[in-house]
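Chemist: Provided herewith: my_file_28.cif, mmCIF, C-alpha atoms.
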data_final
#
loop_
_atom_site.group_PDB
_atom_site.id
_atom_site.type_symbol
_atom_site.label_atom_id
_atom_site.label_comp_id
_atom_site.auth_asym_id
_atom_site.auth_seq_id
_atom_site.Cartn_x
_atom_site.Cartn_y
_atom_site.Cartn_z
ATOM 1 C CA MET A 10 156.439 190.810 8.444
ATOM 2 C CA ASP A 11 155.541 194.486 8.130
ATOM 3 C CA ILE A 12 152.443 193.943 6.046
ATOM 4 C CA VAL A 13 150.811 191.940 8.829
ATOM 5 C CA LYS A 14 151.469 194.770 11.271
ATOM 6 C CA ILE A 15 149.922 197.284 8.887
ATOM 7 C CA ALA A 16 146.857 195.104 8.373
ATOM 8 C CA VAL A 17 146.375 194.669 12.113
ATOM 9 C CA ILE A 18 146.610 198.414 12.719
ATOM 10 C CA GLY A 19 144.175 199.178 9.930
ATOM 11 C CA VAL A 20 141.593 196.610 10.975
ATOM 12 C CA ALA A 21 141.885 197.605 14.641
ATOM 13 C CA ALA A 22 141.307 201.262 13.792
ATOM 14 C CA VAL A 23 138.296 200.456 11.620
ATOM 15 C CA LEU A 24 136.708 198.149 14.184
ATOM 16 C CA LEU A 25 137.191 200.670 16.976
ATOM 17 C CA SER A 26 135.750 203.499 14.919
ATOM 18 C CA LEU A 27 132.731 201.348 14.100
ATOM 19 C CA GLN A 28 132.023 201.174 17.805
ATOM 20 C CA LEU A 29 131.689 204.925 17.931
ATOM 21 C CA ARG A 30 129.561 205.247 14.803
ATOM 22 C CA SER A 31 126.360 205.069 16.858
ATOM 23 C CA GLY A 32 127.349 207.372 19.694
ATOM 24 C CA LYS A 33 129.707 210.162 18.833
ATOM 25 C CA ARG A 34 130.446 210.492 15.111
ATOM 26 C CA GLU A 35 133.378 212.905 15.467
ATOM 27 C CA TYR A 36 135.566 210.377 17.288
ATOM 28 C CA GLU A 37 135.130 207.989 14.394
ATOM 29 C CA LEU A 38 137.103 210.329 12.155
ATOM 30 C CA PHE A 39 139.770 210.876 14.825
ATOM 31 C CA ILE A 40 140.399 207.170 15.141
ATOM 32 C CA VAL A 41 140.632 206.774 11.373
ATOM 33 C CA LEU A 42 143.060 209.701 11.267
ATOM 34 C CA GLY A 43 145.130 208.119 14.050
ATOM 35 C CA GLY A 44 145.233 204.865 12.105
ATOM 36 C CA CYS A 45 146.369 206.659 8.954
ATOM 37 C CA LEU A 46 149.150 208.394 10.892
ATOM 38 C CA CYS A 47 150.395 205.093 12.308
ATOM 39 C CA ILE A 48 150.462 203.467 8.885
ATOM 40 C CA PHE A 49 152.193 206.526 7.465
ATOM 41 C CA GLY A 50 155.026 205.900 9.905
ATOM 42 C CA PHE A 51 155.660 202.595 8.182
ATOM 43 C CA ILE A 52 155.153 204.050 4.701
ATOM 44 C CA LEU A 53 157.920 206.511 5.511
ATOM 45 C CA THR A 54 160.567 203.805 5.934
ATOM 46 C CA LYS A 55 159.727 202.252 2.574
ATOM 47 C CA LEU A 56 159.567 205.658 0.893
ATOM 48 C CA LYS A 57 162.986 206.685 2.163
ATOM 49 C CA VAL A 58 164.507 203.588 0.579
ATOM 50 C CA VAL A 59 162.964 204.445 -2.788
ATOM 51 C CA ILE A 60 164.019 208.080 -2.721
ATOM 52 C CA ASP A 61 167.568 207.260 -1.672
ATOM 53 C CA ALA A 62 167.751 204.777 -4.547
ATOM 54 C CA VAL A 63 166.531 207.407 -7.001
ATOM 55 C CA ASN A 64 169.103 209.891 -5.779
ATOM 56 C CA GLU A 65 171.848 207.314 -6.045
ATOM 57 C CA MET A 66 170.657 206.390 -9.549
ATOM 58 C CA GLN A 67 171.176 210.001 -10.493
ATOM 59 C CA THR A 68 174.910 209.781 -9.831
ATOM 60 C CA TYR A 69 175.306 206.969 -12.356
ATOM 61 C CA VAL A 70 172.994 208.291 -15.103
ATOM 62 C CA GLN A 71 173.620 211.988 -15.832
ATOM 63 C CA LEU A 72 169.972 213.096 -15.520
ATOM 64 C CA ASP A 73 169.179 216.740 -15.034
ATOM 65 C CA ALA A 74 168.610 217.082 -11.285
ATOM 66 C CA GLN A 75 165.685 219.403 -11.949
ATOM 67 C CA TYR A 76 163.577 216.685 -13.609
ATOM 68 C CA VAL A 77 164.140 214.149 -10.826
ATOM 69 C CA ALA A 78 163.179 216.789 -8.259
ATOM 70 C CA ILE A 79 159.981 217.509 -10.196
ATOM 71 C CA LEU A 80 159.213 213.794 -10.296
ATOM 72 C CA ILE A 81 159.648 213.397 -6.540
ATOM 73 C CA LYS A 82 157.626 216.547 -5.908
ATOM 74 C CA MET A 83 154.775 215.138 -7.968
ATOM 75 C CA ILE A 84 154.731 211.998 -5.834
ATOM 76 C CA GLY A 85 154.565 214.097 -2.691
ATOM 77 C CA ILE A 86 151.731 216.269 -3.947
ATOM 78 C CA THR A 87 149.758 213.235 -5.095
ATOM 79 C CA TYR A 88 150.169 211.529 -1.749
ATOM 80 C CA VAL A 89 149.088 214.509 0.318
ATOM 81 C CA ALA A 90 146.161 215.323 -1.969
ATOM 82 C CA GLU A 91 144.994 211.710 -1.984
ATOM 83 C CA PHE A 92 145.316 211.400 1.792
ATOM 84 C CA SER A 93 143.340 214.512 2.614
ATOM 85 C CA ALA A 94 140.745 214.037 -0.135
ATOM 86 C CA ASN A 95 139.934 210.504 0.996
ATOM 87 C CA LEU A 96 139.778 211.650 4.603
ATOM 88 C CA CYS A 97 137.178 214.275 3.640
ATOM 89 C CA ARG A 98 135.320 211.631 1.646
ATOM 90 C CA ASP A 99 135.281 209.337 4.705
ATOM 91 C CA ALA A 100 133.727 212.123 6.709
ATOM 92 C CA GLY A 101 131.043 212.378 4.027
ATOM 93 C CA TYR A 102 132.062 215.694 2.470
ATOM 94 C CA GLN A 103 132.449 214.910 -1.217
ATOM 95 C CA ALA A 104 132.659 218.535 -2.376
ATOM 96 C CA VAL A 105 135.720 219.331 -0.267
ATOM 97 C CA ALA A 106 137.429 216.165 -1.488
ATOM 98 C CA VAL A 107 136.868 217.117 -5.119
ATOM 99 C CA GLN A 108 138.294 220.594 -4.486
ATOM 100 C CA ILE A 109 141.437 219.161 -2.928
ATOM 101 C CA GLU A 110 141.916 216.726 -5.789
ATOM 102 C CA MET A 111 141.355 219.477 -8.347
ATOM 103 C CA PHE A 112 144.002 221.604 -6.667
ATOM 104 C CA GLY A 113 146.388 218.636 -6.597
ATOM 105 C CA LYS A 114 145.976 217.992 -10.319
ATOM 106 C CA LEU A 115 146.458 221.641 -11.218
ATOM 107 C CA SER A 116 149.543 222.039 -9.058
ATOM 108 C CA ILE A 117 151.091 218.967 -10.692
ATOM 109 C CA LEU A 118 150.282 220.442 -14.107
ATOM 110 C CA GLY A 119 151.859 223.705 -13.030
ATOM 111 C CA ILE A 120 155.030 221.950 -11.870
ATOM 112 C CA SER A 121 155.418 219.987 -15.083
ATOM 113 C CA MET A 122 155.127 223.070 -17.321
ATOM 114 C CA PRO A 123 158.905 223.750 -17.514
ATOM 115 C CA VAL A 124 159.483 220.183 -18.668
ATOM 116 C CA LEU A 125 156.971 220.654 -21.476
ATOM 117 C CA LEU A 126 158.514 223.971 -22.494
ATOM 118 C CA ALA A 127 161.978 222.444 -22.575
ATOM 119 C CA LEU A 128 160.676 219.686 -24.830
ATOM 120 C CA LEU A 129 159.036 222.113 -27.241
ATOM 121 C CA LYS A 130 162.163 224.258 -27.316
ATOM 122 C CA THR A 131 164.372 221.332 -28.304
ATOM 123 C CA VAL A 132 161.859 220.223 -30.945
ATOM 124 C CA SER A 133 161.640 223.699 -32.449
ATOM 125 C CA GLU A 134 165.454 223.906 -32.551
ATOM 126 C CA PHE A 135 165.556 220.707 -34.589
ATOM 127 C CA LEU A 136 162.925 221.950 -37.021
ATOM 128 C CA GLN A 137 164.717 225.197 -37.766
ATOM 129 C CA MET B 2 153.316 206.708 16.993
ATOM 130 C CA SER B 3 152.469 203.085 17.496
ATOM 131 C CA ILE B 4 149.039 201.642 17.865
ATOM 132 C CA ASN B 5 148.365 202.945 21.376
ATOM 133 C CA LEU B 6 147.395 206.288 19.851
ATOM 134 C CA ILE B 7 144.349 204.601 18.333
ATOM 135 C CA PHE B 8 143.418 202.861 21.571
ATOM 136 C CA LYS B 9 143.735 206.107 23.544
ATOM 137 C CA ILE B 10 141.395 207.919 21.166
ATOM 138 C CA ALA B 11 138.930 205.055 21.188
ATOM 139 C CA ALA B 12 138.979 204.987 24.996
ATOM 140 C CA VAL B 13 138.280 208.722 25.192
ATOM 141 C CA GLY B 14 135.512 208.398 22.638
ATOM 142 C CA ILE B 15 133.730 205.564 24.396
ATOM 143 C CA LEU B 16 134.184 207.208 27.792
ATOM 144 C CA VAL B 17 132.728 210.510 26.611
ATOM 145 C CA THR B 18 129.810 208.740 24.962
ATOM 146 C CA VAL B 19 128.961 206.917 28.176
ATOM 147 C CA ILE B 20 129.363 209.998 30.349
ATOM 148 C CA SER B 21 127.229 212.153 28.088
ATOM 149 C CA GLN B 22 124.497 209.486 28.022
ATOM 150 C CA VAL B 23 124.486 209.336 31.827
ATOM 151 C CA LEU B 24 124.430 213.106 32.160
ATOM 152 C CA LYS B 25 121.693 213.412 29.552
ATOM 153 C CA HIS B 26 119.437 210.953 31.341
ATOM 154 C CA SER B 27 120.041 212.650 34.687
ATOM 155 C CA GLY B 28 118.752 215.875 33.227
ATOM 156 C CA ARG B 29 121.977 217.905 33.015
ATOM 157 C CA GLU B 30 122.112 218.546 29.287
ATOM 158 C CA GLU B 31 124.768 221.276 29.272
ATOM 159 C CA HIS B 32 127.222 219.185 31.321
ATOM 160 C CA ALA B 33 126.952 216.465 28.735
ATOM 161 C CA PHE B 34 127.834 218.973 26.044
ATOM 162 C CA LEU B 35 130.776 220.254 28.087
ATOM 163 C CA THR B 36 132.188 216.770 28.644
ATOM 164 C CA SER B 37 131.990 215.934 24.966
ATOM 165 C CA LEU B 38 133.719 219.215 24.178
ATOM 166 C CA ALA B 39 136.454 218.436 26.709
ATOM 167 C CA GLY B 40 136.919 214.982 25.189
ATOM 168 C CA LEU B 41 137.189 216.509 21.760
ATOM 169 C CA LEU B 42 139.866 218.939 22.934
ATOM 170 C CA ILE B 43 141.901 216.191 24.574
ATOM 171 C CA VAL B 44 141.910 214.117 21.393
ATOM 172 C CA LEU B 45 142.774 217.185 19.328
ATOM 173 C CA PHE B 46 145.764 217.919 21.564
ATOM 174 C CA TRP B 47 146.977 214.376 20.976
ATOM 175 C CA ILE B 48 146.497 214.302 17.222
ATOM 176 C CA VAL B 49 147.588 217.782 16.087
ATOM 177 C CA PRO B 50 151.333 217.271 16.790
ATOM 178 C CA TYR B 51 151.243 214.021 14.847
ATOM 179 C CA ILE B 52 149.557 215.717 11.901
ATOM 180 C CA TYR B 53 152.107 218.525 12.001
ATOM 181 C CA GLU B 54 154.922 215.990 12.090
ATOM 182 C CA LEU B 55 153.332 214.141 9.149
ATOM 183 C CA PHE B 56 153.202 217.172 6.900
ATOM 184 C CA GLU B 57 156.626 218.357 8.048
ATOM 185 C CA THR B 58 158.155 215.003 7.089
ATOM 186 C CA ILE B 59 156.408 215.026 3.737
ATOM 187 C CA ARG B 60 157.651 218.526 3.035
ATOM 188 C CA SER B 61 161.223 217.641 3.903
ATOM 189 C CA LEU B 62 161.179 214.266 2.149
ATOM 190 C CA PHE B 63 159.701 215.474 -1.158
ATOM 191 C CA ALA B 64 161.411 218.868 -1.124
ATOM 192 C CA LEU B 65 158.042 220.481 -1.604
#
Is it possible to express this structure as structure tokens?
Modeler:
Amino acid sequence: MDIVKIAVIGVAAVLLSLQLRSGKREYELFIVLGGCLCIFGFILTKLKVVIDAVNEMQTYVQLDAQYVAILIKMIGITYVAEFSANLCRDAGYQAVAVQIEMFGKLSILGISMPVLLALLKTVSEFLQ
Amino acid sequence: MSINLIFKIAAVGILVTVISQVLKHSGREEHAFLTSLAGLLIVLFWIVPYIYELFETIRSLFAL
């Protein structure tokens, strides 16, 4: 079962980093980062399945490819922003984490602007 | 990419902590600092390619 493997990796990383909390603090963050990278390896397999399914879904339902790409891009931005922001928060630097999250939110807003404009255009065409 | 990355980092961390304690008590303060710096560099060399690979995969997967 994959979930058991993930749990073991996570708990092992946390317990090991606790050992180093008293001595050297910087290794604590390295171990946590190593643990996140290992778990990301497993996330990747699950993620590929989802994205392949979405792409295949597109062949059946005639969606505009642009909107699906925007959707997938949003997921990517959220994941990276969340990963790095929480890592900064673990290290105790709240301000940096907030900056990263703020940038993530704004970039998602920026990406979704064309969708909003397309919606308003179609609505205004109806009204005229 | 498996779990031995974590154990390697933990081993380096504990080793450097012990060595720096020993050096500190034997009076050689700067050696202790140098060993901890060396340990830090070793761990960095291990982790940076993984981080690069992580962000490269994300960029290719999400077409960012």
Chemist: Give me, as a list in words, the residues of chain A touching chain B, with the criterion being at most 8 Å (counting all atoms listed in the file).
Modeler: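 Here they are: Ile18, Ala22, Leu25, Ser26, Leu29, Gly32, Lys33, Tyr36, Phe39, Ile40, Gly43, Gly44, Leu46, Cys47, Phe49, Gly50, Lys57, Ala78, Ile81, Lys82, Ile84, Gly85 and Ile86 of chain A.
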Chemist: Just how far from atom CA of A:Met83 is atom CA of A:Cys97, in Å to one decimal?
Modeler: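 These atoms are spaced 21.1 Å apart.
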Chemist: Quick check, in Å to one decimal: how far apart do atom CA of A:Ser31 and atom CA of B:Leu42 lie?
Modeler: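 Computing it gives 20.3 Å between the two atoms.
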Chemist: So what do you get for atom CA of A:Met111 versus atom CA of A:Val20, distance-wise?
Modeler: 29.9 Å
Chemist: I need the residue nearest A:Gln28 from this list: B:Phe46, B:Leu16, B:Glu57, B:Glu30. Use only C-alpha atoms for the distance.
Modeler: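 Counting only C-alpha atoms, the residue closest to A:Gln28 is B:Leu16.
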Chemist: For the structure shown, which residues end up in the PyMOL selection byres ((chain A and resi 99-108) around 12)? Put them as JSON, numbers by chain, please?
Modeler: {"A": [23, 26, 30, 34, 35, 36, 37, 38, 39, 40, 41, 42, 89, 90, 91, 92, 93, 94, 95, 96, 97, 98, 109, 110, 111, 112, 113, 114, 115]}
